[in-house]
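*Asks:* Quick one: this structure, given as structure tokens, is what I'll be asking you about.
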Amino acid sequence: MEDVTVALWGSRVSSGTISKLNQRIYRQIEEWHNRPIEGDFPYVYLDGVVLKRSWGGAVKNVSVLVAIGVGDDGYRRIPGIVEGTKEDKVGWSGFLRHLKARGLKGIRLVLSDACLGRKESIGDFYPDAGWQRCIVHFYRNVFSHVPRGRVKEVSRMLRAVHASEYLESARHKATEVEKKLRDMKLSSAADWLGSAWKRP
């Protein structure tokens with residue numbers, strides 16, 4: 001903080017002033033974290049992010065759970081963020097319980113990766129909401145089995161699946177892509193894709 005004040009104003013701010021500023025910021029963050037959530041959010045994206053945090057001279061990974069909602073007006077907002085919680089059923093259940101207690105409602109569809117604990121927690125707190133696998137995570141999962149030089153080619157193949165107008169045509173295209181991946185000697189990617197699109 002002192003380095004920032006030197007860069008901005010050319011002089012250091014006392015530790016007491018920094019402490020007071022931090023207290024004010026933390027109060028505002030706490031108020032935002034616990035504010036009532038107003039209005040319906042038909043679509044909600046859930047994701048976990050790992051960030052680097054410097055504490056006491058050491059840099060550590062911190063897990064952050066994020067909910068991004070799309071309201072009835074079509075605009076995105078962030079109903080909530082929680083820090084330091086693991087991406088497991090206990091962590092997601094605690095986060096969703098917190099969001100529901102603050103008034104998060106009207107959810108028709110939740111989008112996330114296929115993390116088991118997350119999917120179970122969604123069903124516990126929003127049983128009437130549908131669930132859809134996040135396409136970005138889906139692609140990343142497949143690309144983890146693909147050499148870097150072939151990622152663009154495989155990406156085009158996957159986009160053809162998602163461009164299908166009907167479910168049956170998408171399944172047919174996915175079967176074709178799976179076969180082509182095997183022909184390209186990308187059996188691990190083909191195995192993953194085959195098991196993924198057959199899941200409910």
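Chain labels A, B, ... are given in the sequence in which chains occur in the structure tokens; within each chain residues are numbered consecutively from 1, and ligands are likewise numbered from 1 in the order shown.
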Going by DSSP on the backbone, which bits of chain A are strand (DSSP E or B)? Write them as a PyMOL selection string, please.
*Replies:* chain A and resi 40+43-55+58-70+76-83+105+109-112+130-133
*Asks:* Could you produce a table of the residues of region 60-127 of chain A lying within 9 Å of region 30-36 of chain A, with the nearest pair of atoms per residue and their separation in Å rounded to one decimal, using only C-alpha atoms, ordered by chain and increasing residue number, as a tab-separated table?
*Replies:*
```
residue	atom	partner	partner_atom	distance
A:Pro79	CA	A:His33	CA	8.5
A:Gly80	CA	A:His33	CA	6.5
A:Ile81	CA	A:His33	CA	7.3
A:Val82	CA	A:His33	CA	8.2
A:His98	CA	A:Asn34	CA	8.6
A:Leu99	CA	A:Asn34	CA	8.9
A:Ala101	CA	A:Pro36	CA	8.6
A:Arg102	CA	A:Pro36	CA	4.9
A:Gly103	CA	A:Pro36	CA	6.1
A:Leu104	CA	A:Pro36	CA	8.4
```
*Asks:* Mind writing the picked residues with N, CA and C atoms as a PDB file, in the first residue's frame?
*Replies:*
```
ATOM      1  N   PRO A  79     -24.055 -11.566  -8.288  1.00  0.00           N
ATOM      2  CA  PRO A  79     -24.783 -11.677  -7.015  1.00  0.00           C
ATOM      3  C   PRO A  79     -23.872 -11.970  -5.834  1.00  0.00           C
ATOM      4  N   GLY A  80     -22.762 -12.670  -6.077  1.00  0.00           N
ATOM      5  CA  GLY A  80     -21.913 -12.978  -4.937  1.00  0.00           C
ATOM      6  C   GLY A  80     -20.571 -13.582  -5.306  1.00  0.00           C
ATOM      7  N   ILE A  81     -19.625 -13.385  -4.397  1.00  0.00           N
ATOM      8  CA  ILE A  81     -18.286 -13.958  -4.477  1.00  0.00           C
ATOM      9  C   ILE A  81     -17.904 -14.382  -3.067  1.00  0.00           C
ATOM     10  N   VAL A  82     -17.252 -15.530  -2.956  1.00  0.00           N
ATOM     11  CA  VAL A  82     -16.754 -15.942  -1.644  1.00  0.00           C
ATOM     12  C   VAL A  82     -15.322 -16.422  -1.815  1.00  0.00           C
ATOM     13  N   HIS A  98     -25.802 -19.253   1.089  1.00  0.00           N
ATOM     14  CA  HIS A  98     -25.615 -17.815   1.347  1.00  0.00           C
ATOM     15  C   HIS A  98     -26.371 -16.981   0.307  1.00  0.00           C
ATOM     16  N   LEU A  99     -26.266 -17.367  -0.980  1.00  0.00           N
ATOM     17  CA  LEU A  99     -26.946 -16.625  -2.040  1.00  0.00           C
ATOM     18  C   LEU A  99     -28.461 -16.720  -1.902  1.00  0.00           C
ATOM     19  N   ALA A 101     -30.193 -17.313   0.836  1.00  0.00           N
ATOM     20  CA  ALA A 101     -30.629 -16.575   2.022  1.00  0.00           C
ATOM     21  C   ALA A 101     -30.706 -15.079   1.745  1.00  0.00           C
ATOM     22  N   ARG A 102     -29.868 -14.594   0.836  1.00  0.00           N
ATOM     23  CA  ARG A 102     -29.883 -13.168   0.488  1.00  0.00           C
ATOM     24  C   ARG A 102     -30.921 -12.840  -0.578  1.00  0.00           C
ATOM     25  N   GLY A 103     -31.590 -13.865  -1.121  1.00  0.00           N
ATOM     26  CA  GLY A 103     -32.699 -13.590  -2.029  1.00  0.00           C
ATOM     27  C   GLY A 103     -32.491 -13.976  -3.478  1.00  0.00           C
ATOM     28  N   LEU A 104     -31.431 -14.739  -3.801  1.00  0.00           N
ATOM     29  CA  LEU A 104     -31.234 -15.151  -5.193  1.00  0.00           C
ATOM     30  C   LEU A 104     -32.358 -16.106  -5.593  1.00  0.00           C
TER      31      LEU A 104
END
```
*Asks:* Identify all residues of region 23-128 of chain A in helix (DSSP H, G or I) (DSSP on the backbone) and supply them as number ranges by chain.
*Replies:* A: 23-34, 89-101, 116-125
*Asks:* Next, write the just-selected residues to a file, as a PDB file, in the first residue's frame, keeping C-alpha atoms as the atom set.
*Replies:*
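File produced: again_19.pdb:
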```
ATOM      1  CA  GLN A  23     -11.192  -0.702   7.591  1.00  0.00           C
ATOM      2  CA  ARG A  24     -13.457   1.479   5.451  1.00  0.00           C
ATOM      3  CA  ILE A  25     -12.892  -0.705   2.394  1.00  0.00           C
ATOM      4  CA  TYR A  26     -13.484  -3.914   4.355  1.00  0.00           C
ATOM      5  CA  ARG A  27     -16.759  -2.505   5.726  1.00  0.00           C
ATOM      6  CA  GLN A  28     -17.912  -1.676   2.193  1.00  0.00           C
ATOM      7  CA  ILE A  29     -16.929  -5.141   0.966  1.00  0.00           C
ATOM      8  CA  GLU A  30     -18.782  -6.777   3.849  1.00  0.00           C
ATOM      9  CA  GLU A  31     -21.895  -4.681   3.153  1.00  0.00           C
ATOM     10  CA  TRP A  32     -21.757  -5.647  -0.530  1.00  0.00           C
ATOM     11  CA  HIS A  33     -21.194  -9.307   0.358  1.00  0.00           C
ATOM     12  CA  ASN A  34     -24.323  -9.421   2.554  1.00  0.00           C
ATOM     13  CA  LYS A  89     -19.838 -30.019  -2.367  1.00  0.00           C
ATOM     14  CA  VAL A  90     -19.389 -28.436   1.070  1.00  0.00           C
ATOM     15  CA  GLY A  91     -17.931 -25.247  -0.425  1.00  0.00           C
ATOM     16  CA  TRP A  92     -20.559 -24.863  -3.150  1.00  0.00           C
ATOM     17  CA  SER A  93     -23.407 -25.734  -0.777  1.00  0.00           C
ATOM     18  CA  GLY A  94     -22.276 -23.041   1.647  1.00  0.00           C
ATOM     19  CA  PHE A  95     -22.021 -20.492  -1.162  1.00  0.00           C
ATOM     20  CA  LEU A  96     -25.434 -21.332  -2.651  1.00  0.00           C
ATOM     21  CA  ARG A  97     -27.038 -21.329   0.815  1.00  0.00           C
ATOM     22  CA  HIS A  98     -25.615 -17.815   1.347  1.00  0.00           C
ATOM     23  CA  LEU A  99     -26.946 -16.625  -2.040  1.00  0.00           C
ATOM     24  CA  LYS A 100     -30.392 -18.109  -1.455  1.00  0.00           C
ATOM     25  CA  ALA A 101     -30.629 -16.575   2.022  1.00  0.00           C
ATOM     26  CA  LEU A 116     -19.747 -33.209  -9.256  1.00  0.00           C
ATOM     27  CA  GLY A 117     -20.013 -31.303  -5.974  1.00  0.00           C
ATOM     28  CA  ARG A 118     -21.310 -28.239  -7.777  1.00  0.00           C
ATOM     29  CA  LYS A 119     -24.004 -30.091  -9.715  1.00  0.00           C
ATOM     30  CA  GLU A 120     -25.221 -31.823  -6.550  1.00  0.00           C
ATOM     31  CA  SER A 121     -25.356 -28.540  -4.648  1.00  0.00           C
ATOM     32  CA  ILE A 122     -27.379 -26.854  -7.394  1.00  0.00           C
ATOM     33  CA  GLY A 123     -29.982 -29.629  -7.123  1.00  0.00           C
ATOM     34  CA  ASP A 124     -30.138 -29.225  -3.343  1.00  0.00           C
ATOM     35  CA  PHE A 125     -30.874 -25.488  -3.401  1.00  0.00           C
TER      36      PHE A 125
END
```
*Asks:* Got a sec: who's within 10 Å of region 152-163 of chain A, counting only C-alpha atoms, leaving out chain neighbours fewer than 6 positions off, as a list of chain:residue names?
*Replies:* A:Ile135, A:Phe138, A:Tyr139, A:Arg140, A:Val142, A:Phe143, A:Val146, A:Ser169, A:Ala170, A:Arg171, A:His172, A:Lys173, A:Ala174, A:Thr175, A:Glu176, A:Val177, A:Glu178, A:Lys180, A:Leu181, A:Ala189, A:Leu193
*Asks:* Between A:Val110, A:Ala196, A:Ala129, A:Val59, which is the closest to Asn141 (chain A) once you count only C-alpha atoms?
*Replies:*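 Ranked by minimum distance to Asn141 (chain A), first place goes to A:Ala196.
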*Asks:* Can you check which parts of region 77-128 of chain A lie within 8 Å of region 41-49 of chain A? Per residue, the shortest pair of atoms and distance in Å to one decimal, counting only C-alpha atoms, sorted by chain and number, as JSON lines.
*Replies:*
```
{"residue": "A:Glu87", "atom": "CA", "partner": "A:Gly48", "partner_atom": "CA", "distance": 6.6}
{"residue": "A:Leu104", "atom": "CA", "partner": "A:Phe41", "partner_atom": "CA", "distance": 7.2}
{"residue": "A:Lys105", "atom": "CA", "partner": "A:Phe41", "partner_atom": "CA", "distance": 6.3}
{"residue": "A:Gly106", "atom": "CA", "partner": "A:Phe41", "partner_atom": "CA", "distance": 5.4}
{"residue": "A:Ile107", "atom": "CA", "partner": "A:Pro42", "partner_atom": "CA", "distance": 4.2}
{"residue": "A:Arg108", "atom": "CA", "partner": "A:Pro42", "partner_atom": "CA", "distance": 4.8}
{"residue": "A:Leu109", "atom": "CA", "partner": "A:Tyr43", "partner_atom": "CA", "distance": 5.1}
{"residue": "A:Val110", "atom": "CA", "partner": "A:Val44", "partner_atom": "CA", "distance": 4.9}
{"residue": "A:Leu111", "atom": "CA", "partner": "A:Tyr45", "partner_atom": "CA", "distance": 4.7}
{"residue": "A:Ser112", "atom": "CA", "partner": "A:Leu46", "partner_atom": "CA", "distance": 5.2}
{"residue": "A:Asp113", "atom": "CA", "partner": "A:Asp47", "partner_atom": "CA", "distance": 7.5}
```
*Asks:* Nearest residue to Trp197 (chain A) out of A:Lys185, A:Leu21, A:Leu167, A:Pro127, using only C-alpha atoms?
*Replies:*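 Nearest to Trp197 (chain A): A:Leu167.
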*Asks:* Choose the residue, out of A:Gly39, A:Ile68, A:Pro147, A:Glu83, that has the smallest atom-to-atom separation from Arg53 (chain A); count only C-alpha atoms.
*Replies:*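 Closest residue, counting only C-alpha atoms: A:Glu83.
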*Asks:* To one decimal place in Å, what is the distance between CA of Cys115 (chain A) and CA of His137 (chain A)?
*Replies:*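 A separation of 10.4 Å between them.
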